[in-house]
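Coordinates from target-v8.pdb are shown below (PDB, N, CA and C atoms and all ligand atoms).
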```
ATOM      1  N   MET D  73      98.234 128.193 -37.218  1.00  0.00           N
ATOM      2  CA  MET D  73      97.037 128.396 -36.400  1.00  0.00           C
ATOM      3  C   MET D  73      96.205 129.550 -36.967  1.00  0.00           C
ATOM      4  N   GLU D  74      94.936 129.403 -36.898  1.00  0.00           N
ATOM      5  CA  GLU D  74      94.031 130.457 -37.369  1.00  0.00           C
ATOM      6  C   GLU D  74      93.812 131.506 -36.290  1.00  0.00           C
ATOM      7  N   PHE D  75      93.819 132.755 -36.706  1.00  0.00           N
ATOM      8  CA  PHE D  75      93.502 133.805 -35.752  1.00  0.00           C
ATOM      9  C   PHE D  75      92.225 134.521 -36.158  1.00  0.00           C
ATOM     10  N   ASN D  76      91.462 134.861 -35.184  1.00  0.00           N
ATOM     11  CA  ASN D  76      90.252 135.633 -35.435  1.00  0.00           C
ATOM     12  C   ASN D  76      90.449 137.029 -34.878  1.00  0.00           C
ATOM     13  N   LYS D  77      89.828 137.994 -35.529  1.00  0.00           N
ATOM     14  CA  LYS D  77      89.903 139.355 -35.013  1.00  0.00           C
ATOM     15  C   LYS D  77      88.638 139.663 -34.224  1.00  0.00           C
ATOM     16  N   CYS D  78      88.826 140.118 -33.011  1.00  0.00           N
ATOM     17  CA  CYS D  78      87.692 140.401 -32.144  1.00  0.00           C
ATOM     18  C   CYS D  78      86.925 141.629 -32.647  1.00  0.00           C
ATOM     19  N   PRO D  79      85.607 141.497 -32.868  1.00  0.00           N
ATOM     20  CA  PRO D  79      84.818 142.634 -33.356  1.00  0.00           C
ATOM     21  C   PRO D  79      84.644 143.718 -32.290  1.00  0.00           C
ATOM     22  N   GLN D  80      84.871 143.376 -31.030  1.00  0.00           N
ATOM     23  CA  GLN D  80      84.677 144.336 -29.937  1.00  0.00           C
ATOM     24  C   GLN D  80      85.906 145.202 -29.707  1.00  0.00           C
ATOM     25  N   CYS D  81      87.066 144.585 -29.558  1.00  0.00           N
ATOM     26  CA  CYS D  81      88.260 145.353 -29.207  1.00  0.00           C
ATOM     27  C   CYS D  81      89.316 145.336 -30.303  1.00  0.00           C
ATOM     28  N   GLY D  82      89.134 144.511 -31.318  1.00  0.00           N
ATOM     29  CA  GLY D  82      90.066 144.502 -32.443  1.00  0.00           C
ATOM     30  C   GLY D  82      91.316 143.664 -32.228  1.00  0.00           C
ATOM     31  N   SER D  83      91.409 142.992 -31.088  1.00  0.00           N
ATOM     32  CA  SER D  83      92.595 142.167 -30.880  1.00  0.00           C
ATOM     33  C   SER D  83      92.423 140.793 -31.527  1.00  0.00           C
ATOM     34  N   PHE D  84      93.540 140.130 -31.764  1.00  0.00           N
ATOM     35  CA  PHE D  84      93.489 138.825 -32.407  1.00  0.00           C
ATOM     36  C   PHE D  84      93.499 137.721 -31.366  1.00  0.00           C
ATOM     37  N   TYR D  85      92.796 136.654 -31.678  1.00  0.00           N
ATOM     38  CA  TYR D  85      92.769 135.546 -30.730  1.00  0.00           C
ATOM     39  C   TYR D  85      92.679 134.237 -31.487  1.00  0.00           C
ATOM     40  N   ALA D  86      93.123 133.182 -30.849  1.00  0.00           N
ATOM     41  CA  ALA D  86      93.240 131.895 -31.525  1.00  0.00           C
ATOM     42  C   ALA D  86      92.158 130.917 -31.108  1.00  0.00           C
ATOM     43  N   PHE D  87      91.035 131.432 -30.676  1.00  0.00           N
ATOM     44  CA  PHE D  87      89.950 130.555 -30.272  1.00  0.00           C
ATOM     45  C   PHE D  87      88.792 130.691 -31.241  1.00  0.00           C
ATOM     46  N   SER D  88      87.936 129.702 -31.272  1.00  0.00           N
ATOM     47  CA  SER D  88      86.721 129.886 -32.032  1.00  0.00           C
ATOM     48  C   SER D  88      85.783 130.708 -31.150  1.00  0.00           C
ATOM     49  N   GLY D  89      84.726 131.187 -31.713  1.00  0.00           N
ATOM     50  CA  GLY D  89      83.812 132.018 -30.939  1.00  0.00           C
ATOM     51  C   GLY D  89      83.714 133.380 -31.577  1.00  0.00           C
ATOM     52  N   LYS D  90      82.733 134.150 -31.111  1.00  0.00           N
ATOM     53  CA  LYS D  90      82.418 135.405 -31.768  1.00  0.00           C
ATOM     54  C   LYS D  90      83.347 136.542 -31.367  1.00  0.00           C
ATOM     55  N   MET D  91      84.044 136.398 -30.234  1.00  0.00           N
ATOM     56  CA  MET D  91      84.919 137.477 -29.784  1.00  0.00           C
ATOM     57  C   MET D  91      86.046 136.911 -28.938  1.00  0.00           C
ATOM     58  N   CYS D  92      87.007 137.772 -28.583  1.00  0.00           N
ATOM     59  CA  CYS D  92      88.154 137.291 -27.812  1.00  0.00           C
ATOM     60  C   CYS D  92      87.719 136.911 -26.394  1.00  0.00           C
ATOM     61  N   PRO D  93      88.497 136.062 -25.723  1.00  0.00           N
ATOM     62  CA  PRO D  93      88.121 135.603 -24.382  1.00  0.00           C
ATOM     63  C   PRO D  93      87.913 136.764 -23.406  1.00  0.00           C
ATOM     64  N   ASN D  94      88.725 137.785 -23.575  1.00  0.00           N
ATOM     65  CA  ASN D  94      88.617 138.973 -22.742  1.00  0.00           C
ATOM     66  C   ASN D  94      87.236 139.625 -22.824  1.00  0.00           C
ATOM     67  N   CYS D  95      86.818 139.890 -24.046  1.00  0.00           N
ATOM     68  CA  CYS D  95      85.517 140.520 -24.260  1.00  0.00           C
ATOM     69  C   CYS D  95      84.389 139.557 -23.918  1.00  0.00           C
ATOM     70  N   ALA D  96      84.588 138.281 -24.178  1.00  0.00           N
ATOM     71  CA  ALA D  96      83.556 137.289 -23.852  1.00  0.00           C
ATOM     72  C   ALA D  96      83.295 137.274 -22.353  1.00  0.00           C
ATOM     73  N   THR D  97      84.361 137.406 -21.565  1.00  0.00           N
ATOM     74  CA  THR D  97      84.205 137.451 -20.110  1.00  0.00           C
ATOM     75  C   THR D  97      83.439 138.692 -19.687  1.00  0.00           C
ATOM     76  N   LYS D  98      83.854 139.837 -20.240  1.00  0.00           N
ATOM     77  CA  LYS D  98      83.166 141.091 -19.912  1.00  0.00           C
ATOM     78  C   LYS D  98      81.691 141.007 -20.299  1.00  0.00           C
ATOM     79  N   ASP D  99      81.440 140.430 -21.472  1.00  0.00           N
ATOM     80  CA  ASP D  99      80.068 140.291 -21.954  1.00  0.00           C
ATOM     81  C   ASP D  99      79.240 139.433 -21.013  1.00  0.00           C
ATOM     82  N   SER D 100      79.802 138.305 -20.596  1.00  0.00           N
ATOM     83  CA  SER D 100      78.998 137.418 -19.763  1.00  0.00           C
ATOM     84  C   SER D 100      78.724 138.063 -18.403  1.00  0.00           C
ATOM     85  N   GLN D 101      79.664 138.895 -17.935  1.00  0.00           N
ATOM     86  CA  GLN D 101      79.405 139.603 -16.677  1.00  0.00           C
ATOM     87  C   GLN D 101      78.271 140.606 -16.843  1.00  0.00           C
ATOM     88  N   LYS D 102      78.272 141.296 -17.975  1.00  0.00           N
ATOM     89  CA  LYS D 102      77.216 142.287 -18.215  1.00  0.00           C
ATOM     90  C   LYS D 102      75.864 141.616 -18.419  1.00  0.00           C
ATOM     91  N   ILE D 103      75.877 140.465 -19.098  1.00  0.00           N
ATOM     92  CA  ILE D 103      74.623 139.733 -19.306  1.00  0.00           C
ATOM     93  C   ILE D 103      74.074 139.255 -17.962  1.00  0.00           C
ATOM     94  N   GLN D 104      74.978 138.797 -17.112  1.00  0.00           N
ATOM     95  CA  GLN D 104      74.594 138.373 -15.759  1.00  0.00           C
ATOM     96  C   GLN D 104      73.928 139.519 -14.999  1.00  0.00           C
ATOM     97  N   LYS D 105      74.532 140.697 -15.124  1.00  0.00           N
ATOM     98  CA  LYS D 105      74.022 141.890 -14.469  1.00  0.00           C
ATOM     99  C   LYS D 105      72.617 142.233 -14.983  1.00  0.00           C
ATOM    100  N   LEU D 106      72.456 142.119 -16.300  1.00  0.00           N
ATOM    101  CA  LEU D 106      71.162 142.380 -16.915  1.00  0.00           C
ATOM    102  C   LEU D 106      70.111 141.388 -16.418  1.00  0.00           C
ATOM    103  N   GLU D 107      70.507 140.115 -16.347  1.00  0.00           N
ATOM    104  CA  GLU D 107      69.561 139.099 -15.873  1.00  0.00           C
ATOM    105  C   GLU D 107      69.164 139.334 -14.420  1.00  0.00           C
ATOM    106  N   ASN D 108      70.157 139.686 -13.597  1.00  0.00           N
ATOM    107  CA  ASN D 108      69.857 139.997 -12.193  1.00  0.00           C
ATOM    108  C   ASN D 108      68.874 141.150 -12.097  1.00  0.00           C
ATOM    109  N   TYR D 109      69.136 142.165 -12.906  1.00  0.00           N
ATOM    110  CA  TYR D 109      68.261 143.331 -12.890  1.00  0.00           C
ATOM    111  C   TYR D 109      66.826 142.931 -13.255  1.00  0.00           C
ATOM    112  N   LEU D 110      66.692 142.137 -14.306  1.00  0.00           N
ATOM    113  CA  LEU D 110      65.365 141.738 -14.775  1.00  0.00           C
ATOM    114  C   LEU D 110      64.639 140.857 -13.759  1.00  0.00           C
ATOM    115  N   ASP D 111      65.423 140.114 -12.960  1.00  0.00           N
ATOM    116  CA  ASP D 111      64.819 139.284 -11.917  1.00  0.00           C
ATOM    117  C   ASP D 111      64.231 140.129 -10.795  1.00  0.00           C
ATOM    118  N   ASN D 112      64.810 141.305 -10.587  1.00  0.00           N
ATOM    119  CA  ASN D 112      64.449 142.098  -9.419  1.00  0.00           C
ATOM    120  C   ASN D 112      63.614 143.342  -9.695  1.00  0.00           C
ATOM    121  N   TYR D 113      63.640 143.788 -10.921  1.00  0.00           N
ATOM    122  CA  TYR D 113      62.933 145.029 -11.235  1.00  0.00           C
ATOM    123  C   TYR D 113      62.045 144.864 -12.462  1.00  0.00           C
ATOM    124  N   LEU D 114      61.095 145.773 -12.575  1.00  0.00           N
ATOM    125  CA  LEU D 114      60.274 145.800 -13.776  1.00  0.00           C
ATOM    126  C   LEU D 114      61.103 146.386 -14.919  1.00  0.00           C
ATOM    127  N   VAL D 115      60.829 145.925 -16.109  1.00  0.00           N
ATOM    128  CA  VAL D 115      61.557 146.427 -17.270  1.00  0.00           C
ATOM    129  C   VAL D 115      61.142 147.879 -17.527  1.00  0.00           C
ATOM    130  N   PRO D 116      62.089 148.799 -17.611  1.00  0.00           N
ATOM    131  CA  PRO D 116      61.749 150.196 -17.902  1.00  0.00           C
ATOM    132  C   PRO D 116      61.166 150.343 -19.310  1.00  0.00           C
ATOM    133  N   ASP D 117      60.591 151.521 -19.585  1.00  0.00           N
ATOM    134  CA  ASP D 117      59.913 151.716 -20.867  1.00  0.00           C
ATOM    135  C   ASP D 117      60.857 151.875 -22.049  1.00  0.00           C
ATOM    136  N   THR D 118      62.049 152.322 -21.778  1.00  0.00           N
ATOM    137  CA  THR D 118      62.971 152.541 -22.901  1.00  0.00           C
ATOM    138  C   THR D 118      64.309 151.848 -22.667  1.00  0.00           C
ATOM    139  N   LEU D 119      64.982 151.610 -23.758  1.00  0.00           N
ATOM    140  CA  LEU D 119      66.296 150.992 -23.709  1.00  0.00           C
ATOM    141  C   LEU D 119      67.277 151.906 -22.974  1.00  0.00           C
ATOM    142  N   GLN D 120      67.073 153.210 -23.164  1.00  0.00           N
ATOM    143  CA  GLN D 120      67.926 154.209 -22.523  1.00  0.00           C
ATOM    144  C   GLN D 120      67.847 154.099 -20.992  1.00  0.00           C
ATOM    145  N   GLU D 121      66.625 153.968 -20.490  1.00  0.00           N
ATOM    146  CA  GLU D 121      66.439 153.820 -19.046  1.00  0.00           C
ATOM    147  C   GLU D 121      67.070 152.531 -18.537  1.00  0.00           C
ATOM    148  N   LEU D 122      66.919 151.485 -19.308  1.00  0.00           N
ATOM    149  CA  LEU D 122      67.509 150.208 -18.924  1.00  0.00           C
ATOM    150  C   LEU D 122      69.029 150.342 -18.868  1.00  0.00           C
ATOM    151  N   SER D 123      69.563 151.071 -19.806  1.00  0.00           N
ATOM    152  CA  SER D 123      70.996 151.320 -19.842  1.00  0.00           C
ATOM    153  C   SER D 123      71.452 152.101 -18.610  1.00  0.00           C
ATOM    154  N   CYS D 124      70.708 153.142 -18.253  1.00  0.00           N
ATOM    155  CA  CYS D 124      71.036 153.938 -17.057  1.00  0.00           C
ATOM    156  C   CYS D 124      70.965 153.082 -15.802  1.00  0.00           C
ATOM    157  N   SER D 125      69.922 152.276 -15.690  1.00  0.00           N
ATOM    158  CA  SER D 125      69.708 151.494 -14.469  1.00  0.00           C
ATOM    159  C   SER D 125      70.738 150.389 -14.305  1.00  0.00           C
ATOM    160  N   THR D 126      71.181 149.816 -15.413  1.00  0.00           N
ATOM    161  CA  THR D 126      72.102 148.689 -15.306  1.00  0.00           C
ATOM    162  C   THR D 126      73.556 149.118 -15.478  1.00  0.00           C
ATOM    163  N   GLY D 127      73.772 150.312 -16.035  1.00  0.00           N
ATOM    164  CA  GLY D 127      75.133 150.751 -16.315  1.00  0.00           C
ATOM    165  C   GLY D 127      75.732 150.070 -17.534  1.00  0.00           C
ATOM    166  N   ILE D 128      74.897 149.381 -18.292  1.00  0.00           N
ATOM    167  CA  ILE D 128      75.361 148.714 -19.506  1.00  0.00           C
ATOM    168  C   ILE D 128      75.079 149.618 -20.707  1.00  0.00           C
ATOM    169  N   PRO D 129      76.101 149.911 -21.521  1.00  0.00           N
ATOM    170  CA  PRO D 129      75.883 150.792 -22.672  1.00  0.00           C
ATOM    171  C   PRO D 129      74.775 150.276 -23.599  1.00  0.00           C
ATOM    172  N   GLU D 130      74.031 151.214 -24.201  1.00  0.00           N
ATOM    173  CA  GLU D 130      72.914 150.832 -25.060  1.00  0.00           C
ATOM    174  C   GLU D 130      73.321 149.912 -26.208  1.00  0.00           C
ATOM    175  N   LYS D 131      74.498 150.175 -26.771  1.00  0.00           N
ATOM    176  CA  LYS D 131      74.889 149.340 -27.908  1.00  0.00           C
ATOM    177  C   LYS D 131      75.138 147.890 -27.474  1.00  0.00           C
ATOM    178  N   ASP D 132      75.608 147.717 -26.231  1.00  0.00           N
ATOM    179  CA  ASP D 132      75.772 146.361 -25.719  1.00  0.00           C
ATOM    180  C   ASP D 132      74.419 145.710 -25.452  1.00  0.00           C
ATOM    181  N   LEU D 133      73.510 146.479 -24.846  1.00  0.00           N
ATOM    182  CA  LEU D 133      72.167 145.953 -24.588  1.00  0.00           C
ATOM    183  C   LEU D 133      71.518 145.496 -25.886  1.00  0.00           C
ATOM    184  N   ASN D 134      71.658 146.333 -26.893  1.00  0.00           N
ATOM    185  CA  ASN D 134      71.139 146.015 -28.211  1.00  0.00           C
ATOM    186  C   ASN D 134      71.640 144.666 -28.705  1.00  0.00           C
ATOM    187  N   ARG D 135      72.919 144.481 -28.555  1.00  0.00           N
ATOM    188  CA  ARG D 135      73.574 143.270 -29.029  1.00  0.00           C
ATOM    189  C   ARG D 135      73.083 142.061 -28.228  1.00  0.00           C
ATOM    190  N   TYR D 136      73.005 142.196 -26.905  1.00  0.00           N
ATOM    191  CA  TYR D 136      72.578 141.065 -26.082  1.00  0.00           C
ATOM    192  C   TYR D 136      71.131 140.699 -26.381  1.00  0.00           C
ATOM    193  N   ILE D 137      70.287 141.740 -26.440  1.00  0.00           N
ATOM    194  CA  ILE D 137      68.863 141.506 -26.590  1.00  0.00           C
ATOM    195  C   ILE D 137      68.533 140.906 -27.955  1.00  0.00           C
ATOM    196  N   SER D 138      69.165 141.437 -28.986  1.00  0.00           N
ATOM    197  CA  SER D 138      68.829 140.927 -30.315  1.00  0.00           C
ATOM    198  C   SER D 138      69.473 139.568 -30.582  1.00  0.00           C
ATOM    199  N   GLY D 139      70.508 139.223 -29.815  1.00  0.00           N
ATOM    200  CA  GLY D 139      71.187 137.961 -30.091  1.00  0.00           C
ATOM    201  C   GLY D 139      70.843 136.839 -29.130  1.00  0.00           C
ATOM    202  N   ASN D 140      69.835 137.046 -28.287  1.00  0.00           N
ATOM    203  CA  ASN D 140      69.575 136.065 -27.252  1.00  0.00           C
ATOM    204  C   ASN D 140      68.071 135.831 -27.044  1.00  0.00           C
ATOM    205  N   ASP D 141      67.641 134.600 -27.266  1.00  0.00           N
ATOM    206  CA  ASP D 141      66.223 134.251 -27.142  1.00  0.00           C
ATOM    207  C   ASP D 141      65.671 134.536 -25.749  1.00  0.00           C
ATOM    208  N   LYS D 142      66.545 134.408 -24.763  1.00  0.00           N
ATOM    209  CA  LYS D 142      66.202 134.686 -23.382  1.00  0.00           C
ATOM    210  C   LYS D 142      65.590 136.077 -23.203  1.00  0.00           C
ATOM    211  N   PHE D 143      66.033 137.001 -24.064  1.00  0.00           N
ATOM    212  CA  PHE D 143      65.593 138.387 -23.941  1.00  0.00           C
ATOM    213  C   PHE D 143      64.571 138.768 -25.005  1.00  0.00           C
ATOM    214  N   SER D 144      63.903 137.763 -25.567  1.00  0.00           N
ATOM    215  CA  SER D 144      62.987 138.047 -26.675  1.00  0.00           C
ATOM    216  C   SER D 144      61.859 138.999 -26.260  1.00  0.00           C
ATOM    217  N   GLN D 145      61.497 138.943 -24.978  1.00  0.00           N
ATOM    218  CA  GLN D 145      60.456 139.844 -24.473  1.00  0.00           C
ATOM    219  C   GLN D 145      60.912 141.306 -24.566  1.00  0.00           C
ATOM    220  N   LEU D 146      62.179 141.516 -24.200  1.00  0.00           N
ATOM    221  CA  LEU D 146      62.743 142.866 -24.290  1.00  0.00           C
ATOM    222  C   LEU D 146      62.837 143.302 -25.740  1.00  0.00           C
ATOM    223  N   TYR D 147      63.192 142.352 -26.559  1.00  0.00           N
ATOM    224  CA  TYR D 147      63.337 142.596 -27.984  1.00  0.00           C
ATOM    225  C   TYR D 147      62.042 143.155 -28.548  1.00  0.00           C
ATOM    226  N   LYS D 148      60.929 142.523 -28.142  1.00  0.00           N
ATOM    227  CA  LYS D 148      59.618 142.987 -28.611  1.00  0.00           C
ATOM    228  C   LYS D 148      59.269 144.342 -28.013  1.00  0.00           C
ATOM    229  N   LYS D 149      59.524 144.466 -26.722  1.00  0.00           N
ATOM    230  CA  LYS D 149      59.174 145.687 -26.014  1.00  0.00           C
ATOM    231  C   LYS D 149      59.868 146.935 -26.591  1.00  0.00           C
ATOM    232  N   PHE D 150      61.144 146.774 -26.855  1.00  0.00           N
ATOM    233  CA  PHE D 150      61.910 147.920 -27.365  1.00  0.00           C
ATOM    234  C   PHE D 150      61.918 147.964 -28.883  1.00  0.00           C
ATOM    235  N   SER D 151      61.291 146.967 -29.493  1.00  0.00           N
ATOM    236  CA  SER D 151      61.293 146.786 -30.958  1.00  0.00           C
ATOM    237  C   SER D 151      62.621 147.157 -31.604  1.00  0.00           C
ATOM    238  N   ILE D 152      63.635 146.481 -31.149  1.00  0.00           N
ATOM    239  CA  ILE D 152      64.983 146.671 -31.678  1.00  0.00           C
ATOM    240  C   ILE D 152      65.066 146.067 -33.078  1.00  0.00           C
TER     241      ILE D 152
HETATM  242 ZN    ZN F 201      87.989 141.555 -27.631  1.00  0.00          ZN
END
```
Please express the file's structure as structure tokens.
Amino acid sequence: MEFNKCPQCGSFYAFSGKMCPNCATKDSQKIQKLENYLDNYLVPDTLQELSCSTGIPEKDLNRYISGNDKFSQLYKKFSI
């Protein structure tokens, strides 16, 4: 069986996909939180403020925003 190494936590997993199931779950919860926030509030001026308001670390926000067409508006706004 092929194992992949998770880029987030470094653990090995036997599934296809970009990260281990554990991190994928955490990621989808954080993305959900970000989407909820965007539905209810205006986008702050900086990525830092968005991070404070959502409790999602900036490096995660960076990853979600740059890797997801859904957030292309944020991508432009913060020029990541
Ligand atoms: Zn992981």
Evaluate the PyMOL selection byres (((chain D and resi 126-137) around 8) and not hetatm) on the structure here and hand back the selected residues as a list in words.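 This file gives the following for the PyMOL selection byres (((chain D and resi 126-137) around 8) and not hetatm): Lys102, Ile103, Lys105, Leu106, Tyr109, Leu119, Gln120, Glu121, Leu122, Ser123, Cys124, Ser125, Ser138, Gly139, Asn140, Asp141, Lys142, Phe143, Ser144, Gln145, Leu146, Tyr147, Lys148 and Ile152 of chain D.
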Could you please extract the residues within 8 Å of ligand ZN 201 (chain F), counting only N, CA and C atoms and all ligand atoms, and hand them back as an NGL selection string? :D and (77-85 or 90-96)
Edge lengths and centre, in Å to one decimal, as lines of an AutoDock Vina configuration file: that's what I need for the box along x, y and z that holds all listed atoms of range 76-92 of chain D plus 6 Å on each side.
```
center_x = 88.0
center_y = 137.5
center_z = -31.0
size_x = 23.1
size_y = 27.7
size_z = 21.1
```
So how far away is atom C of Ser88 in chain D from atom N of Asp111 in chain D, in Å?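 We find that atom N of Asp111 in chain D and atom C of Ser88 in chain D lie 28.9 Å from each other.
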As a check of understanding: the span from atom N of Met73 in chain D to CA of Phe87 in chain D is 11.1 Å
Using DSSP on the backbone coordinates, identify the residues of chain D assigned to strand (DSSP E); present them as a compact mmCIF listing (two decimals) with N, CA and C atoms, in the coordinates of the input.
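The resulting file, out.txt, is reproduced below:
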```txt
# COMPACT_ATOMS: atom_id res chain seq x y z
N ASN D 76 91.46 134.86 -35.18
CA ASN D 76 90.25 135.63 -35.44
C ASN D 76 90.45 137.03 -34.88
N LYS D 77 89.83 137.99 -35.53
CA LYS D 77 89.90 139.35 -35.01
C LYS D 77 88.64 139.66 -34.22
N PHE D 84 93.54 140.13 -31.76
CA PHE D 84 93.49 138.82 -32.41
C PHE D 84 93.50 137.72 -31.37
N TYR D 85 92.80 136.65 -31.68
CA TYR D 85 92.77 135.55 -30.73
C TYR D 85 92.68 134.24 -31.49
```
Could you pull out the residues in chain D that DSSP calls helix (DSSP H, G or I) from the backbone, as a ChimeraX atom specification? /D:93-112,119-126,130-138,141-150
Calculate how many Å separate atom N of Ala86 in chain D from atom N of Lys98 in chain D, rounding to one decimal.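 So the two atoms, atom N of Ala86 in chain D and atom N of Lys98 in chain D, lie 15.6 Å apart.
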Would you please work out which residue, of D:Asn112, D:Asp99, D:Thr118, D:Phe75, is nearest to Lys149 in chain D when using only N, CA and C atoms?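 Ranked by minimum distance to Lys149 in chain D, first place goes to D:Thr118.
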Since the input lacks some atoms of range 116-134 of chain D, please model N, CA, C and O atoms and print them as a short mmCIF file (atom, residue, chain, number, x, y, z; two decimals), in the frame of the given file.
```cif
data_model
loop_
_atom_site.label_atom_id
_atom_site.label_comp_id
_atom_site.auth_asym_id
_atom_site.auth_seq_id
_atom_site.Cartn_x
_atom_site.Cartn_y
_atom_site.Cartn_z
N PRO D 116 62.09 148.80 -17.61
CA PRO D 116 61.75 150.20 -17.90
C PRO D 116 61.17 150.34 -19.31
O PRO D 116 61.24 149.41 -20.11
N ASP D 117 60.59 151.52 -19.58
CA ASP D 117 59.91 151.72 -20.87
C ASP D 117 60.86 151.88 -22.05
O ASP D 117 60.48 151.64 -23.18
N THR D 118 62.05 152.32 -21.78
CA THR D 118 62.97 152.54 -22.90
C THR D 118 64.31 151.85 -22.67
O THR D 118 64.69 151.58 -21.53
N LEU D 119 64.98 151.61 -23.76
CA LEU D 119 66.30 150.99 -23.71
C LEU D 119 67.28 151.91 -22.97
O LEU D 119 68.14 151.46 -22.24
N GLN D 120 67.07 153.21 -23.16
CA GLN D 120 67.93 154.21 -22.52
C GLN D 120 67.85 154.10 -20.99
O GLN D 120 68.86 154.12 -20.30
N GLU D 121 66.62 153.97 -20.49
CA GLU D 121 66.44 153.82 -19.05
C GLU D 121 67.07 152.53 -18.54
O GLU D 121 67.67 152.51 -17.46
N LEU D 122 66.92 151.49 -19.31
CA LEU D 122 67.51 150.21 -18.92
C LEU D 122 69.03 150.34 -18.87
O LEU D 122 69.68 149.82 -17.97
N SER D 123 69.56 151.07 -19.81
CA SER D 123 71.00 151.32 -19.84
C SER D 123 71.45 152.10 -18.61
O SER D 123 72.45 151.76 -17.97
N CYS D 124 70.71 153.14 -18.25
CA CYS D 124 71.04 153.94 -17.06
C CYS D 124 70.96 153.08 -15.80
O CYS D 124 71.84 153.16 -14.94
N SER D 125 69.92 152.28 -15.69
CA SER D 125 69.71 151.49 -14.47
C SER D 125 70.74 150.39 -14.30
O SER D 125 71.10 150.04 -13.19
N THR D 126 71.18 149.82 -15.41
CA THR D 126 72.10 148.69 -15.31
C THR D 126 73.56 149.12 -15.48
O THR D 126 74.47 148.38 -15.12
N GLY D 127 73.77 150.31 -16.04
CA GLY D 127 75.13 150.75 -16.32
C GLY D 127 75.73 150.07 -17.53
O GLY D 127 76.92 150.15 -17.78
N ILE D 128 74.90 149.38 -18.29
CA ILE D 128 75.36 148.71 -19.51
C ILE D 128 75.08 149.62 -20.71
O ILE D 128 73.95 150.08 -20.87
N PRO D 129 76.10 149.91 -21.52
CA PRO D 129 75.88 150.79 -22.67
C PRO D 129 74.78 150.28 -23.60
O PRO D 129 74.61 149.07 -23.76
N GLU D 130 74.03 151.21 -24.20
CA GLU D 130 72.91 150.83 -25.06
C GLU D 130 73.32 149.91 -26.21
O GLU D 130 72.59 149.00 -26.57
N LYS D 131 74.50 150.18 -26.77
CA LYS D 131 74.89 149.34 -27.91
C LYS D 131 75.14 147.89 -27.47
O LYS D 131 74.89 146.96 -28.23
N ASP D 132 75.61 147.72 -26.23
CA ASP D 132 75.77 146.36 -25.72
C ASP D 132 74.42 145.71 -25.45
O ASP D 132 74.19 144.56 -25.81
N LEU D 133 73.51 146.48 -24.85
CA LEU D 133 72.17 145.95 -24.59
C LEU D 133 71.52 145.50 -25.89
O LEU D 133 70.95 144.41 -25.96
N ASN D 134 71.66 146.33 -26.89
CA ASN D 134 71.14 146.01 -28.21
C ASN D 134 71.64 144.67 -28.70
O ASN D 134 70.88 143.85 -29.21
#
```
